[in-house]
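Data block below; observations after.
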Amino acid sequence: MTLAGRWLVAVLLVSCPFVVEMWLGRGWLRILDFALLSVLLALGLNIVVGYAGLLDLGFIAFFGVGAYVYALLGSPQFGWHWPLWLVLPLGAMVAASFGVALGWPTLGLRGDYLAIVTMGFGEIIRIFLNNLNAPVNITNGPQGITLIDPLHLGHWSFSRAHTILGWQVSSLTGTYFLFLGFVLAAVLLSGRLEHSRIGRAWMAIREDELAAASMGLDTRRLKLLAFAMGACFGGVSGGLFAGFQGFVSPESFTLQESVMILCMVVLGGMGNLRGVVVGALLLALLPELLRPVGHWQVRWLGQVWLDPAALRLFLFGVALVILMRWRPEGLFPSRARAREWHRP
Amino acid sequence: MVTLLQQLLNGLTLGCLYALVALGYTLVYGILELINFAHGDLVMVGALVSLSVLRWALGWGWPMWAALLLALIVAMSVCAVLGVALERLAYRPLRHAPKLAPLITAIGLSMVLEQGASLIWGRGYLTFPDVGLAHPWEWGGVVVTTMQGVIVMGSLTLLGGLLVLVQRTALGRAMRATAQNPMAAQWLGINTDRVILTAFLLGAVLAAVAGLLIGMYYQVAHYTMGFMVGLKAFTAAVLGGIGNLPGAVLGGLLLGLLEALGAGYLGDWTGGWLGSNYKDVFAFAMLILVLIFHPSGLLGRHAPEKV
Amino acid sequence: MTALLDAQQISKHFGGVQALQQVSLQVPAGAIIGLIGPNGAGKTTLFNVLTGMVRQDGGSILWRGAPLPVGEPHRVAQAGLVRTFQNIRLFPQMTVLENVMVGFHVRTRAGVLGAWFQSAAVRREEQEIHDRSHEWLAWVGLEAMAHREAGTLPYGAQRRLEMARALATQPALLALDEPVAGMNTVERQSMAQLIARIRERGIALLIIEHDVRWIAQLCDRITVLDYGRCLAEGTPAEIQADARVIEAYLGHKSS
């Protein structure tokens, strides 16, 4: 990117929340904030699926772990109110250790077994979250945990509006910049990994695991590392989610959510940072764009024949199938990635 | 003792249902080495289609046996068409694509089936019409319903039929040959495309039967029901040795029994810590343990990667 | 003098098939050893056992006098024994240069934190990997193709790339599985020259090949396998004169 291009992007990113809030309203800014968390999540899964080629269908579990760590350490549930700078890294670490715990038994498995096992793992986590309210109440069961501490750093709370240099900065705008900071950091860290010794090793494993091992790569350790790293991103995203939303419950962490993140990664282009970011933003915003479909039906057909939520997921499914058939490199690939999938 | 017998009987019923679905996974996997994620959703389609047909036919005053027969036929046809369509339109074009592509396609198809079903049948739980097979028979405290009898007899007949088909007929021989070495089978004049299609077709038909039976047994159907059934059946297939037909049956029965016992006794064993709401976890734990310690399953052969 | 690699009485069976029966093989440092035999004689199986990809049923493998790790290919490679594959196994969607750079993995150390914070040491290491990968590519004559995708290279170039990638791991012994299969006479001669140059760098080679005459011009000693047994062992001249070898070989070739 040229210097001018960089400046343009920077100006766009900074002005975005103000413009959105002014023209589209607070509702859309809130959606945008959630979309940034999706991007963070998708960047995490991209490490596992895109770089190391490990199909993880239970990725949302790490998001859930991160969210619950934050919720348990910062809510009236146990009466603990730990600070953000302590809880987030802790959530990331707990998520990473779950990643290792999942990766460990599945390392020797072929890709398709791995997909099933991770899928089962995601469900196990959800079942535990759902049921760990008895005999000792830890997660509060299906009701979830409410009244979670809002995101705050020291005395700076992201749930309140602030006045900076005479500018009124709303809580949603402040949150936007917090999340944007995390996304930019994640992009930077992912990019550096991609072009490092570790990133090359992951890709070598993705291409041919046996050949990679015969070159001296410790494939077990490297795969675990990918799991842990991806889970870390997921855990951070989950913690931010819990603090932003103020409550968490197991139903936010279903298989459908895992598949949705996979869609984000695949749609944009696996292993390709720009694609993943664009794909995640697109899919996170799409439900809102499809929302009017319900209103149109009521207006023209008298009632809702096609549930917009179901329609959206249906279309995603169709999109996955079509993409894999004709454009497996994703919609927004780098040129190199496009070449790779279309080898004779 | 009576409870134990009762749990074993319930487990046997459950096991038969798992076995029917597990065969679909194993048939396709044995030949293509592909996990057809959408297979569990075919069970769901089978259940919902037969539910609609049953309601319709009973609404017109058809006798129960005729309504059931019609439901079975329609469900089998719909699933067969879907199964074949999945293979032709989605999987076949990807047969030589990188490994991730067919897997992701399978997930996409599973979403299409589920959400398609929710668009047609809605998002609520639907009650299955009462088919009047709930009559309980009691021997010394152990209760068996006619329904359970029908499930066990029906599935065992189908399973037996399938085994005969694969072990004794020309079609079965072609299937086994394709599973062992697709290239060589092709040279010998076997139409491998047709064999693969047949595997999908057979799996889909069995899934339809399983869908009807599961619907009748639990008297409820829902557009997401395929997920759990599929996962359990896959576990059963792996347990028995994926790709191995008798293994899938054995794995299904075993998983059904283990689950029934787990649901019955898990609470007692763990002093109330883990209740029957963890029985799904139990099945997964099983799957993971098998994969770690004996990935080739009970009856499977271990095929090392070619170097 | 202890050999670099000393495999004693290696046995391996798959189901009922005895793929290897008490095969012994020594590779002294800096030597070129040929491994010949008809198809299905167990040559590749022996390679797989030696490189830790397949566990032997019996027998021992010593590397510089100490046991070689079994069943862990990456540790074998770390020890300095690296192989190529009969059906070339590159990382096809990575560039030619990246393929060689992966070869340096085992002799370098930058981790995740290094990649993130880009300390001077890490950047230096990365630069060195980069430069030396280019050097290896130039050395095998692939410099012009450095930024092409590995999977798109012509066949002969893929073989050379696989060797460059293996050389980047700094092996003491390079094991080549049929390096000239499917090549014409000119290509075979140029591959022979490349192999001679590798030996000049002090790297020992173990080479599987069908073509007795081609291998004979290169090797110090040859081991002949037939039906999983060691049929003969000796200098190229001895082997070419050995009646049993001629019989086993010509017998198979004419059939």
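Residue numbering restarts at 1 for every chain of the structure tokens, chains are lettered A, B, ... in their displayed order, and ligands are numbered from 1 as they appear.
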Query raised in the report: Please, which residues of chain C lie no more than 12 Å from chain B when the count uses only C-alpha atoms, and can they be set out as an MDAnalysis selection string?
Result: chainID C and resid 14:15 44:49 51 53:55 83:89 92:93 177
Please save C-alpha atoms of the selected residues as a JSON list (two decimals), in the first residue's frame.
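The resulting out-v3.json:
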[["chain", "number", "residue", "atom", "x", "y", "z"],
["C", 14, "PHE", "CA", 3.12, -55.67, 6.85],
["C", 15, "GLY", "CA", 0.42, -58.17, 7.70],
["C", 44, "THR", "CA", 11.61, -47.66, 0.07],
["C", 45, "THR", "CA", 10.49, -49.55, 3.17],
["C", 46, "LEU", "CA", 14.09, -49.54, 4.36],
["C", 47, "PHE", "CA", 14.21, -45.78, 3.76],
["C", 48, "ASN", "CA", 11.03, -45.33, 5.74],
["C", 49, "VAL", "CA", 12.43, -47.31, 8.64],
["C", 51, "THR", "CA", 14.09, -42.05, 8.57],
["C", 53, "MET", "CA", 8.53, -42.96, 9.39],
["C", 54, "VAL", "CA", 7.89, -46.62, 9.96],
["C", 55, "ARG", "CA", 8.77, -48.59, 13.06],
["C", 83, "ARG", "CA", 15.51, -37.86, 2.77],
["C", 84, "THR", "CA", 13.73, -37.10, -0.47],
["C", 85, "PHE", "CA", 10.71, -39.00, -1.78],
["C", 86, "GLN", "CA", 10.20, -41.23, -4.76],
["C", 87, "ASN", "CA", 6.99, -39.37, -5.65],
["C", 88, "ILE", "CA", 8.34, -35.88, -4.99],
["C", 89, "ARG", "CA", 6.76, -34.24, -1.93],
["C", 92, "PRO", "CA", 3.36, -27.20, -3.77],
["C", 93, "GLN", "CA", 1.50, -23.98, -2.95],
["C", 177, "ASP", "CA", 14.76, -42.15, -3.27]]
Requested in this report: Output as a PyMOL selection string the set of chain B residues within 8 Å of chain A, with distances taken over only C-alpha atoms.
Outcome: chain B and resi 34-35+90+93-94+99-116+118-119+231+272-273+277-278+280-281+284+287-288+291-292
Please report, as a Markdown table, each residue of chain C lying at most 9 Å from chain A, together with the nearest pair of atoms and the separation in Å rounded to one decimal; use only C-alpha atoms, and order rows by chain and ascending residue number.
| residue | atom | partner | partner_atom | distance |
| --- | --- | --- | --- | --- |
| C:Thr51 | CA | A:Ser214 | CA | 7.6 |
| C:Gly52 | CA | A:Ser214 | CA | 8.7 |
| C:Met53 | CA | A:Ser214 | CA | 8.3 |
| C:Glu72 | CA | A:Ala213 | CA | 8.2 |
| C:Pro73 | CA | A:Ser214 | CA | 5.3 |
| C:His74 | CA | A:Gly216 | CA | 3.8 |
| C:Arg75 | CA | A:Gly216 | CA | 6.3 |
| C:Val76 | CA | A:Gly216 | CA | 7.2 |
| C:Ala77 | CA | A:Gly216 | CA | 4.6 |
| C:Gln78 | CA | A:Gly216 | CA | 5.4 |
| C:Ala79 | CA | A:Gly216 | CA | 8.8 |
| C:Val82 | CA | A:Ser214 | CA | 6.7 |
| C:Arg83 | CA | A:Ser214 | CA | 7.0 |
| C:Thr84 | CA | A:Ser214 | CA | 8.5 |
| C:Phe85 | CA | A:Ala211 | CA | 8.5 |
| C:Arg89 | CA | A:Ala211 | CA | 6.1 |
| C:Leu90 | CA | A:Ala211 | CA | 7.1 |
| C:Phe91 | CA | A:Glu207 | CA | 5.2 |
| C:Pro92 | CA | A:Glu207 | CA | 6.9 |
| C:Gln93 | CA | A:Glu340 | CA | 5.3 |
| C:Met94 | CA | A:Ala204 | CA | 7.9 |
| C:Glu98 | CA | A:Arg200 | CA | 7.3 |
| C:Asn99 | CA | A:Ala204 | CA | 8.0 |
| C:Met101 | CA | A:Arg200 | CA | 8.0 |
| C:Val102 | CA | A:Ala201 | CA | 6.3 |
| C:Gly103 | CA | A:Met215 | CA | 6.0 |
| C:Phe104 | CA | A:Arg197 | CA | 8.7 |
| C:His105 | CA | A:Arg197 | CA | 6.5 |
| C:Val106 | CA | A:Gly216 | CA | 5.5 |
| C:Thr108 | CA | A:Arg197 | CA | 8.3 |
| C:Arg109 | CA | A:Arg197 | CA | 8.1 |
| C:Ala110 | CA | A:Arg197 | CA | 6.6 |
| C:Gly111 | CA | A:Ile198 | CA | 6.4 |
| C:Val112 | CA | A:Ile198 | CA | 6.8 |
| C:Gly114 | CA | A:Ser196 | CA | 8.7 |
| C:Ala115 | CA | A:Leu193 | CA | 5.7 |
| C:Trp116 | CA | A:Leu189 | CA | 5.7 |
| C:Phe117 | CA | A:Arg192 | CA | 8.7 |
| C:Gln118 | CA | A:Arg192 | CA | 8.5 |
| C:Glu126 | CA | A:Ser196 | CA | 7.6 |
| C:Glu149 | CA | A:Glu340 | CA | 7.8 |
| C:Gly151 | CA | A:Arg343 | CA | 7.9 |
| C:Thr152 | CA | A:Arg343 | CA | 7.7 |
| C:Arg165 | CA | A:Met215 | CA | 8.0 |
| C:Ala166 | CA | A:Met215 | CA | 6.7 |
| C:Thr169 | CA | A:Met215 | CA | 7.0 |
Report task. Identify, with DSSP run on backbone atoms, the residues in stretch 144-226 of chain B assigned to strand (DSSP E or B), and express the list as a list in words. Result ->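 Matching residues, listed in order: Val144, Thr145, Val220 and Ala221 of chain B.
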Query raised in the report: Given the choices C:Arg213, C:Arg132, C:Val100, C:Leu205, which gets closest to C:Ala164 if the distance is worked out from only C-alpha atoms?
Result: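 Among C:Arg213, C:Arg132, C:Val100, C:Leu205, it is C:Val100 that comes nearest to C:Ala164.
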Requested in this report: Among the residues of stretch 66-159 of chain B, find those DSSP assigns to helix (DSSP H, G or I) from the backbone and print them as JSON, numbers by chain.
Outcome: {"B": [66, 67, 68, 69, 70, 71, 72, 73, 74, 75, 76, 77, 78, 79, 80, 81, 82, 83, 84, 85, 86, 87, 88, 89, 90, 91, 92, 93, 94, 100, 101, 102, 103, 104, 105, 106, 107, 108, 109, 110, 111, 112, 113, 114, 115, 116, 117, 118, 119, 120, 121, 146, 147, 148, 149, 150, 151, 152, 153, 154, 155, 156, 157, 158, 159]}
Query - Between atom CA of B:Leu206 and atom CA of B:Gly247 - distance in Å to one decimal - result: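 Computing the Euclidean distance for atom CA of B:Gly247 and atom CA of B:Leu206 yields 16.2 Å.
Put simply, atom CA of C:Ile33 is 14.1 Å away from atom CA of C:Cys230.
As for atom CA of B:Leu5 and atom CA of B:Gly149, they are spaced 15.1 Å apart.
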Requested in this report: Excluding A:Phe182 and residues on its chain fewer than 3 positions from it, collect all residues at most 9 Å away from it, counting only C-alpha atoms, and give them as a list in words.
Outcome: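 The contact residues come out as Leu36, Leu37, Leu40, Phe177, Leu178, Phe179, Ala185, Ala186, Val187, Val236 and Ser237 of chain A.
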Query - Selection: 10 Å around A:Glu288, only C-alpha atoms, excl. self and same-chain fewer than 4 positions, as a count of residues only - result: 8
Report task. Find the residues near A:Leu29: any atom within 8 Å, counting only C-alpha atoms, skip ones fewer than 5 places away on the same chain, and give them as a list of chain:residue names. Result -> A:Pro17, A:Val20, A:Glu21, A:Leu24, A:Leu172, A:Thr173
With N, CA and C atoms retained, could you export that selection as a PDB file, in the first residue's frame?
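For reference, again-v1.pdb as written:
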ATOM      1  N   PRO A  17     -16.659   5.803  13.082  1.00  0.00           N
ATOM      2  CA  PRO A  17     -17.706   5.737  14.117  1.00  0.00           C
ATOM      3  C   PRO A  17     -18.519   7.023  14.185  1.00  0.00           C
ATOM      4  N   VAL A  20     -20.911   7.018  11.210  1.00  0.00           N
ATOM      5  CA  VAL A  20     -21.963   6.017  11.388  1.00  0.00           C
ATOM      6  C   VAL A  20     -22.971   6.493  12.427  1.00  0.00           C
ATOM      7  N   GLU A  21     -22.453   7.017  13.543  1.00  0.00           N
ATOM      8  CA  GLU A  21     -23.352   7.413  14.611  1.00  0.00           C
ATOM      9  C   GLU A  21     -24.253   8.567  14.180  1.00  0.00           C
ATOM     10  N   LEU A  24     -26.325   6.924  10.599  1.00  0.00           N
ATOM     11  CA  LEU A  24     -27.088   5.671  10.678  1.00  0.00           C
ATOM     12  C   LEU A  24     -27.645   5.421  12.072  1.00  0.00           C
ATOM     13  N   LEU A 172     -20.135   4.090  22.764  1.00  0.00           N
ATOM     14  CA  LEU A 172     -19.981   3.152  21.641  1.00  0.00           C
ATOM     15  C   LEU A 172     -18.782   3.524  20.790  1.00  0.00           C
ATOM     16  N   THR A 173     -18.539   4.837  20.660  1.00  0.00           N
ATOM     17  CA  THR A 173     -17.385   5.266  19.878  1.00  0.00           C
ATOM     18  C   THR A 173     -16.088   4.891  20.598  1.00  0.00           C
TER      19      THR A 173
END
